[in-house]
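What follows is structure.txt (compact mmCIF, C-alpha atoms).
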# COMPACT_ATOMS: atom_id res chain seq x y z
CA MET A 126 15.58 -8.53 4.94
CA GLY A 127 16.91 -8.01 8.46
CA PHE A 128 15.57 -5.78 11.16
CA ASN A 129 16.81 -2.32 10.29
CA LYS A 130 15.35 1.01 11.25
CA ILE A 131 11.96 1.68 9.68
CA ALA A 132 11.85 4.53 7.17
CA THR A 133 12.31 7.71 9.17
CA VAL A 134 9.69 9.45 7.07
CA PHE A 135 7.00 7.00 8.25
CA VAL A 136 7.96 7.17 11.92
CA ALA A 137 7.72 10.94 11.74
CA GLY A 138 4.38 10.51 10.01
CA ALA A 139 3.07 8.50 12.94
CA VAL A 140 3.43 11.60 15.07
CA VAL A 141 1.81 13.76 12.40
CA LEU A 142 -1.15 11.39 12.08
CA GLY A 143 -1.56 11.19 15.83
CA MET A 144 -1.62 14.95 16.13
CA ALA A 145 -4.17 15.20 13.33
CA ALA A 146 -6.38 12.64 15.01
CA CYS A 147 -6.21 14.46 18.33
CA SER A 148 -6.97 17.84 16.80
CA GLY A 149 -9.69 16.59 14.48
CA GLY A 150 -7.61 17.68 11.48
CA SER A 151 -7.14 15.88 8.19
CA ALA A 152 -4.12 14.23 6.64
CA VAL A 153 -2.23 16.44 4.22
CA THR A 154 -0.97 15.25 0.86
CA PRO A 155 2.31 17.16 0.54
CA THR A 156 4.31 17.86 -2.59
CA VAL A 157 7.29 15.58 -2.17
CA THR A 158 10.08 14.01 -4.15
CA PRO A 159 11.74 10.65 -3.51
CA THR A 160 14.80 10.61 -1.29
CA ALA A 161 17.57 8.11 -1.86
CA VAL A 162 17.89 5.56 0.93
CA LYS A 163 20.36 2.80 1.62
CA PRO A 164 19.29 -0.52 0.01
CA SER A 165 18.16 -3.01 2.64
CA GLY A 166 16.20 -5.72 0.82
CA ASP A 167 17.11 -9.36 0.34
CA GLY A 168 15.91 -9.70 -3.26
CA ILE A 169 12.59 -11.34 -2.39
CA LEU A 170 9.59 -9.02 -2.34
CA ARG A 171 7.10 -10.07 0.33
CA ILE A 172 3.74 -8.34 0.72
CA GLY A 173 1.83 -8.61 3.96
CA ASP A 174 -1.93 -8.22 3.56
CA MET A 175 -3.75 -7.27 6.76
CA THR A 176 -7.44 -7.91 6.15
CA PRO A 177 -10.19 -7.24 8.70
CA VAL A 178 -11.89 -10.56 9.48
CA SER A 179 -14.10 -8.96 12.12
CA GLY A 180 -15.76 -5.59 12.63
CA ASP A 181 -17.44 -3.25 10.15
CA LEU A 182 -14.97 -4.00 7.34
CA ALA A 183 -15.11 -7.80 7.58
CA ALA A 184 -17.39 -8.01 4.54
CA TYR A 185 -14.59 -6.56 2.44
CA SER A 186 -11.77 -8.80 3.69
CA ALA A 187 -12.03 -11.39 0.92
CA ALA A 188 -12.01 -8.74 -1.81
CA GLN A 189 -8.96 -7.02 -0.32
CA ALA A 190 -7.12 -10.34 -0.13
CA ALA A 191 -8.15 -11.22 -3.69
CA GLY A 192 -6.89 -7.86 -4.94
CA VAL A 193 -3.45 -8.39 -3.45
CA ASP A 194 -3.31 -12.00 -4.66
CA LEU A 195 -4.36 -11.00 -8.17
CA ALA A 196 -1.70 -8.29 -8.38
CA ALA A 197 1.06 -10.65 -7.26
CA ALA A 198 -0.13 -13.41 -9.61
CA GLU A 199 -0.17 -11.09 -12.62
CA VAL A 200 3.30 -9.75 -11.85
CA ASN A 201 4.62 -13.28 -11.31
CA GLU A 202 3.23 -14.30 -14.69
CA GLN A 203 5.44 -11.57 -16.14
CA GLY A 204 8.56 -12.78 -14.35
CA GLY A 205 8.04 -11.53 -10.82
CA TYR A 206 10.10 -8.90 -9.05
CA ASN A 207 13.78 -9.08 -9.97
CA LYS A 208 13.03 -12.46 -11.66
CA VAL A 209 11.83 -13.86 -8.33
CA PRO A 210 8.14 -14.55 -7.54
CA VAL A 211 6.43 -12.00 -5.32
CA GLU A 212 5.21 -13.61 -2.08
CA VAL A 213 1.98 -12.71 -0.28
CA LEU A 214 1.11 -13.43 3.36
CA HIS A 215 -2.41 -12.80 4.68
CA ARG A 216 -3.11 -11.97 8.31
CA ASN A 217 -6.00 -10.65 10.40
CA ALA A 218 -5.95 -6.86 10.67
CA GLY A 219 -7.72 -7.07 14.03
CA ASP A 220 -10.03 -4.13 13.40
CA GLY A 221 -10.94 -2.95 16.90
CA ASP A 222 -8.67 -5.53 18.52
CA ALA A 223 -5.25 -3.96 19.08
CA ALA A 224 -3.78 -7.21 20.41
CA ALA A 225 -4.74 -9.06 17.20
CA THR A 226 -3.31 -6.24 15.07
CA GLU A 227 -0.04 -6.35 16.99
CA ALA A 228 0.19 -10.14 16.76
CA SER A 229 -0.30 -10.03 13.01
CA PHE A 230 2.18 -7.18 12.57
CA ASN A 231 4.84 -8.95 14.61
CA ASP A 232 4.32 -12.19 12.72
CA LEU A 233 4.58 -10.50 9.32
CA VAL A 234 7.74 -8.64 10.32
CA SER A 235 9.28 -11.86 11.66
CA ARG A 236 8.64 -13.46 8.27
CA GLY A 237 10.49 -10.71 6.45
CA VAL A 238 7.67 -8.81 4.75
CA ASP A 239 8.74 -5.62 3.01
CA VAL A 240 5.39 -3.84 2.79
CA ILE A 241 2.11 -4.22 4.66
CA ILE A 242 -1.17 -3.24 3.01
CA ALA A 243 -3.67 -2.22 5.69
CA PRO A 244 -7.45 -1.73 5.45
CA ALA A 245 -9.53 1.45 5.67
CA SER A 246 -9.66 1.33 9.45
CA ALA A 247 -8.76 4.23 11.70
CA THR A 248 -8.19 1.88 14.64
CA VAL A 249 -5.79 -0.32 12.66
CA VAL A 250 -3.90 2.75 11.45
CA ALA A 251 -3.63 4.04 15.01
CA THR A 252 -2.29 0.70 16.26
CA LEU A 253 0.19 0.42 13.41
CA GLU A 254 1.28 3.97 14.17
CA GLU A 255 2.29 2.85 17.65
CA LEU A 256 3.90 -0.37 16.46
CA VAL A 257 6.15 1.18 13.83
CA ALA A 258 7.24 3.78 16.36
CA LYS A 259 8.42 1.22 18.90
CA ASN A 260 9.69 -1.60 16.65
CA ASP A 261 13.09 -1.71 15.03
CA SER A 262 11.80 -3.05 11.71
CA ASN A 263 12.21 -2.13 8.07
CA VAL A 264 8.73 -2.36 6.57
CA ALA A 265 6.64 0.05 4.51
CA ILE A 266 3.04 0.60 5.56
CA VAL A 267 0.38 1.45 2.99
CA SER A 268 -3.10 2.03 4.37
CA ILE A 269 -6.33 2.51 2.44
CA ALA A 270 -7.71 5.89 3.48
CA ASN A 271 -10.82 6.36 5.58
CA LYS A 272 -12.80 9.42 6.65
CA LYS A 273 -10.50 10.08 9.60
CA THR A 274 -7.20 9.77 7.73
CA ALA A 275 -7.99 11.35 4.35
CA PRO A 276 -8.33 15.07 3.59
CA LYS A 277 -11.86 16.43 3.80
CA GLY A 278 -13.58 15.98 0.46
CA ALA A 279 -11.49 13.02 -0.66
CA THR A 280 -13.25 9.92 -1.95
CA VAL A 281 -12.94 7.25 0.73
CA ALA A 282 -15.94 4.99 0.09
CA ALA A 283 -15.20 1.52 -1.28
CA ILE A 284 -14.79 1.62 -5.06
CA THR A 285 -16.85 -0.76 -7.18
CA PRO A 286 -14.45 -2.45 -9.62
CA ASP A 287 -15.23 -2.22 -13.32
CA GLU A 288 -16.37 -5.28 -15.21
CA THR A 289 -12.90 -6.30 -16.29
CA LEU A 290 -11.36 -6.18 -12.81
CA SER A 291 -14.47 -7.78 -11.31
CA LYS A 292 -13.99 -10.82 -13.52
CA ARG A 293 -10.30 -11.03 -12.64
CA LEU A 294 -11.00 -10.73 -8.91
CA LYS A 295 -13.62 -13.47 -9.10
CA ALA A 296 -11.19 -15.65 -11.03
CA SER A 297 -8.72 -15.11 -8.19
CA ASP A 298 -11.39 -16.02 -5.61
CA PRO A 299 -14.55 -17.60 -7.11
CA SER A 300 -16.36 -17.28 -3.78
CA LEU A 301 -16.36 -13.47 -3.85
CA SER A 302 -19.70 -11.71 -3.58
CA GLU A 303 -18.67 -8.31 -2.19
CA LEU A 304 -15.97 -6.67 -4.34
CA GLY A 305 -15.47 -3.41 -2.45
CA TYR A 306 -11.82 -2.50 -1.71
CA GLY A 307 -10.62 -5.11 -4.19
CA ALA A 308 -9.56 -2.41 -6.66
CA GLU A 309 -7.78 -0.35 -4.01
CA ALA A 310 -5.86 -3.36 -2.67
CA TYR A 311 -4.92 -4.42 -6.19
CA ASP A 312 -3.60 -0.97 -7.03
CA LEU A 313 -1.61 -0.61 -3.81
CA ALA A 314 -0.01 -4.02 -4.36
CA ILE A 315 0.92 -3.17 -7.97
CA ALA A 316 2.22 0.24 -6.89
CA SER A 317 4.31 -1.36 -4.13
CA ILE A 318 5.87 -3.81 -6.57
CA LEU A 319 6.57 -0.96 -8.99
CA ALA A 320 8.06 1.01 -6.09
CA ALA A 321 10.57 -1.77 -5.43
CA THR A 322 11.27 -2.04 -9.16
CA VAL A 323 11.99 1.68 -9.53
CA SER A 324 14.07 1.72 -6.34
CA LYS A 325 15.91 -1.45 -7.40
CA ASP A 326 15.49 -2.64 -3.83
CA ASP A 327 12.74 -4.39 -1.87
CA GLY A 328 13.57 -2.93 1.54
CA GLY A 329 10.75 -1.13 3.31
CA ALA A 330 12.42 2.28 3.25
CA SER A 331 13.06 1.94 -0.49
CA ILE A 332 9.43 0.99 -1.14
CA THR A 333 8.22 4.01 0.86
CA GLN A 334 10.29 6.30 -1.34
CA GLY A 335 9.47 4.30 -4.46
CA LEU A 336 5.75 4.82 -3.91
CA ILE A 337 6.36 8.53 -4.29
CA ALA A 338 8.23 7.93 -7.54
CA VAL A 339 5.56 5.75 -9.17
CA THR A 340 2.62 8.04 -8.39
CA LEU A 341 4.01 11.34 -9.70
CA GLN A 342 1.09 13.17 -11.26
CA ASN A 343 3.36 14.75 -13.87
CA GLY A 344 4.73 11.33 -14.82
CA PHE A 345 3.78 9.15 -17.78
CA PRO A 346 0.26 7.82 -17.09
CA CYS A 347 0.61 4.04 -17.22
CA THR A 348 -2.32 1.80 -16.37
CA SER A 349 -0.75 -1.62 -15.87
CA TYR A 350 2.37 -3.18 -14.38
CA GLY A 351 3.77 -4.12 -17.79
CA MET A 352 3.09 -0.70 -19.27
CA CYS A 353 4.74 1.02 -16.32
CA VAL A 354 7.82 -1.22 -16.37
CA SER A 355 8.23 -0.52 -20.07
CA ALA A 356 8.08 3.23 -19.40
CA VAL A 357 10.62 2.91 -16.59
CA GLY A 358 12.86 0.98 -18.98
CA ASP A 359 12.63 3.98 -21.31
CA LYS A 360 13.79 6.15 -18.39
CA GLN A 361 10.44 7.90 -18.01
CA SER A 362 8.97 9.03 -14.72
CA ILE A 363 5.62 7.33 -14.22
CA ASN A 364 2.22 7.82 -12.67
CA TYR A 365 0.66 4.40 -12.14
CA THR A 366 -3.10 4.87 -12.40
CA GLY A 367 -4.92 1.57 -12.13
CA PRO A 368 -8.57 0.48 -11.78
CA ALA A 369 -9.10 2.53 -8.61
CA GLY A 370 -7.85 5.75 -10.23
CA GLN A 371 -5.18 8.27 -9.27
CA ILE A 372 -3.25 7.22 -6.18
CA ASN A 373 -2.71 10.04 -3.69
CA TYR A 374 -0.04 8.68 -1.37
CA ASP A 375 1.18 10.50 1.71
CA PRO A 376 4.58 9.11 2.75
CA THR A 377 4.41 10.86 6.12
CA THR A 378 1.42 8.76 7.18
CA GLY A 379 1.43 5.79 4.82
CA VAL A 380 -2.18 6.58 3.87
CA ALA A 381 -3.39 6.48 0.26
CA TYR A 382 -6.67 7.71 -1.15
CA PHE A 383 -7.85 7.51 -4.74
CA GLY A 384 -9.28 9.85 -7.35
CA LYS A 385 -9.27 13.64 -7.26
CA THR A 386 -6.38 15.15 -5.33
CA ILE A 387 -7.45 17.35 -2.44
CA ASP A 388 -5.13 20.22 -1.60
CA VAL A 389 -5.07 20.94 2.11
CA ALA A 390 -3.25 24.00 3.37
CA LYS A 391 -0.84 23.38 6.22
CA LYS A 392 -1.87 25.04 9.46

Encoding of this model in structure tokens:
Amino acid sequence: MGFNKIATVFVAGAVVLGMAACSGGSAVTPTVTPTAVKPSGDGILRIGDMTPVSGDLAAYSAAQAAGVDLAAAEVNEQGGYNKVPVEVLHRNAGDGDAAATEASFNDLVSRGVDVIIAPASATVVATLEELVAKNDSNVAIVSIANKKTAPKGATVAAITPDETLSKRLKASDPSLSELGYGAEAYDLAIASILAATVSKDDGGASITQGLIAVTLQNGFPCTSYGMCVSAVGDKQSINYTGPAGQINYDPTTGVAYFGKTIDVAKK
């Protein structure tokens, strides 16, 4: 993949998120359209999963990992990305431990990951904000929203997967007992793979823009990877809406929340 500049839109978003955190404001979900970027991928889509193995979110780490694994496995069963298997690497998110977060981030980047899925942790988001600002790396960041990073009124509590997804998650990891955040992680992994598919490139900047393209609320509502790929093949714009519901993705911060869209006026 190489170590190119990270998507400008995300670096700018780090500043926006930092300002919101300092002022007590909420993240804004803007109306945006994808912007063409120079392809920078190497043809192998690698997903980095940063799960919190300590702290308040530790109980959800196995479900988040299972969600990402399940998404990659299902896509690989259908031929993978660009006829190449999607790869997944799991690392400790270091919730509350900035040094652990940085070590995991650096390791994932060194291994050529294209997108990192982060947990619903304000401290992890803040650390990643600093890391993407100072590192010359091409990686998309997608973070599950929390109360501090989502607009007021947005649903940010862990979603309980429906029966069908619950069975699939448990098949992916039979030891699972807590399933919270499994649906969100699954959806963000599927959306990231679709983002690379639509962009025809697995570089981080392309995935950032592709995530906008696959969650367009006026697009064709597809509910699975196969259904969405078929719609893309028919040259339709799509709105991937999986088990966790509508994805509300803010490319300026990398944060995604699910369900009803909250309109927040810019100050």

Using all atoms listed in the file, what does the table of segment 235-300 of chain A residues within 10 Å of segment 170-184 of chain A look like, with each row giving the shortest atom pair and its distance in Å to one decimal, sorted by chain and ascending number, as JSON lines?
{"residue": "A:Arg236", "atom": "CA", "partner": "A:Arg171", "partner_atom": "CA", "distance": 8.8}
{"residue": "A:Gly237", "atom": "CA", "partner": "A:Arg171", "partner_atom": "CA", "distance": 7.0}
{"residue": "A:Val238", "atom": "CA", "partner": "A:Arg171", "partner_atom": "CA", "distance": 4.6}
{"residue": "A:Asp239", "atom": "CA", "partner": "A:Arg171", "partner_atom": "CA", "distance": 5.4}
{"residue": "A:Val240", "atom": "CA", "partner": "A:Ile172", "partner_atom": "CA", "distance": 5.2}
{"residue": "A:Ile241", "atom": "CA", "partner": "A:Gly173", "partner_atom": "CA", "distance": 4.5}
{"residue": "A:Ile242", "atom": "CA", "partner": "A:Asp174", "partner_atom": "CA", "distance": 5.1}
{"residue": "A:Ala243", "atom": "CA", "partner": "A:Met175", "partner_atom": "CA", "distance": 5.2}
{"residue": "A:Pro244", "atom": "CA", "partner": "A:Thr176", "partner_atom": "CA", "distance": 6.2}
{"residue": "A:Ala245", "atom": "CA", "partner": "A:Leu182", "partner_atom": "CA", "distance": 7.9}
{"residue": "A:Ser246", "atom": "CA", "partner": "A:Leu182", "partner_atom": "CA", "distance": 7.8}
{"residue": "A:Val249", "atom": "CA", "partner": "A:Pro177", "partner_atom": "CA", "distance": 9.1}
{"residue": "A:Val264", "atom": "CA", "partner": "A:Gly173", "partner_atom": "CA", "distance": 9.7}
{"residue": "A:Ala265", "atom": "CA", "partner": "A:Ile172", "partner_atom": "CA", "distance": 9.7}
{"residue": "A:Ile266", "atom": "CA", "partner": "A:Gly173", "partner_atom": "CA", "distance": 9.4}
{"residue": "A:Val267", "atom": "CA", "partner": "A:Asp174", "partner_atom": "CA", "distance": 10.0}
{"residue": "A:Ser268", "atom": "CA", "partner": "A:Met175", "partner_atom": "CA", "distance": 9.6}

Same residues, C-alpha atoms, output as a PDB file, keeping the file's coordinate frame:
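Result went into part.pdb, see below:
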ATOM      1  CA  ARG A 236       8.640 -13.460   8.270  1.00  0.00           C
ATOM      2  CA  GLY A 237      10.490 -10.710   6.450  1.00  0.00           C
ATOM      3  CA  VAL A 238       7.670  -8.810   4.750  1.00  0.00           C
ATOM      4  CA  ASP A 239       8.740  -5.620   3.010  1.00  0.00           C
ATOM      5  CA  VAL A 240       5.390  -3.840   2.790  1.00  0.00           C
ATOM      6  CA  ILE A 241       2.110  -4.220   4.660  1.00  0.00           C
ATOM      7  CA  ILE A 242      -1.170  -3.240   3.010  1.00  0.00           C
ATOM      8  CA  ALA A 243      -3.670  -2.220   5.690  1.00  0.00           C
ATOM      9  CA  PRO A 244      -7.450  -1.730   5.450  1.00  0.00           C
ATOM     10  CA  ALA A 245      -9.530   1.450   5.670  1.00  0.00           C
ATOM     11  CA  SER A 246      -9.660   1.330   9.450  1.00  0.00           C
ATOM     12  CA  VAL A 249      -5.790  -0.320  12.660  1.00  0.00           C
ATOM     13  CA  VAL A 264       8.730  -2.360   6.570  1.00  0.00           C
ATOM     14  CA  ALA A 265       6.640   0.050   4.510  1.00  0.00           C
ATOM     15  CA  ILE A 266       3.040   0.600   5.560  1.00  0.00           C
ATOM     16  CA  VAL A 267       0.380   1.450   2.990  1.00  0.00           C
ATOM     17  CA  SER A 268      -3.100   2.030   4.370  1.00  0.00           C
TER      18      SER A 268
END

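Residues with any atom within 10 Å of Ser300 of chain A, counting all atoms listed in the file and excluding same-chain neighbours fewer than 6 positions away, are Ala187, Ala188 and Leu294 of chain A.
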
> Which residue, A:Gln189, A:Ser297, A:Thr289, A:Asn271, has the smallest gap to Leu313 of chain A when you use only C-alpha atoms?
Replying inline: A:Gln189

For Leu256 of chain A, list every protein, DNA or RNA residue within 12 Å, evaluated using only C-alpha atoms, and leave out those in the same chain fewer than 2 positions away; present the list as a short mmCIF file (atom, residue, chain, number, x, y, z; two decimals) with C-alpha atoms, in the frame of the given file.
data_model
loop_
_atom_site.label_atom_id
_atom_site.label_comp_id
_atom_site.auth_asym_id
_atom_site.auth_seq_id
_atom_site.Cartn_x
_atom_site.Cartn_y
_atom_site.Cartn_z
CA ILE A 131 11.96 1.68 9.68
CA PHE A 135 7.00 7.00 8.25
CA VAL A 136 7.96 7.17 11.92
CA ALA A 139 3.07 8.50 12.94
CA ALA A 223 -5.25 -3.96 19.08
CA ALA A 224 -3.78 -7.21 20.41
CA THR A 226 -3.31 -6.24 15.07
CA GLU A 227 -0.04 -6.35 16.99
CA ALA A 228 0.19 -10.14 16.76
CA SER A 229 -0.30 -10.03 13.01
CA PHE A 230 2.18 -7.18 12.57
CA ASN A 231 4.84 -8.95 14.61
CA VAL A 234 7.74 -8.64 10.32
CA VAL A 249 -5.79 -0.32 12.66
CA VAL A 250 -3.90 2.75 11.45
CA ALA A 251 -3.63 4.04 15.01
CA THR A 252 -2.29 0.70 16.26
CA LEU A 253 0.19 0.42 13.41
CA GLU A 254 1.28 3.97 14.17
CA ALA A 258 7.24 3.78 16.36
CA LYS A 259 8.42 1.22 18.90
CA ASN A 260 9.69 -1.60 16.65
CA ASP A 261 13.09 -1.71 15.03
CA SER A 262 11.80 -3.05 11.71
CA ASN A 263 12.21 -2.13 8.07
CA VAL A 264 8.73 -2.36 6.57
CA ILE A 266 3.04 0.60 5.56
#

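Using only C-alpha atoms for every distance, the candidate list A:Tyr374, A:Tyr365, A:Tyr185, A:Phe345 yields A:Tyr185 as the residue closest to Leu301 of chain A.
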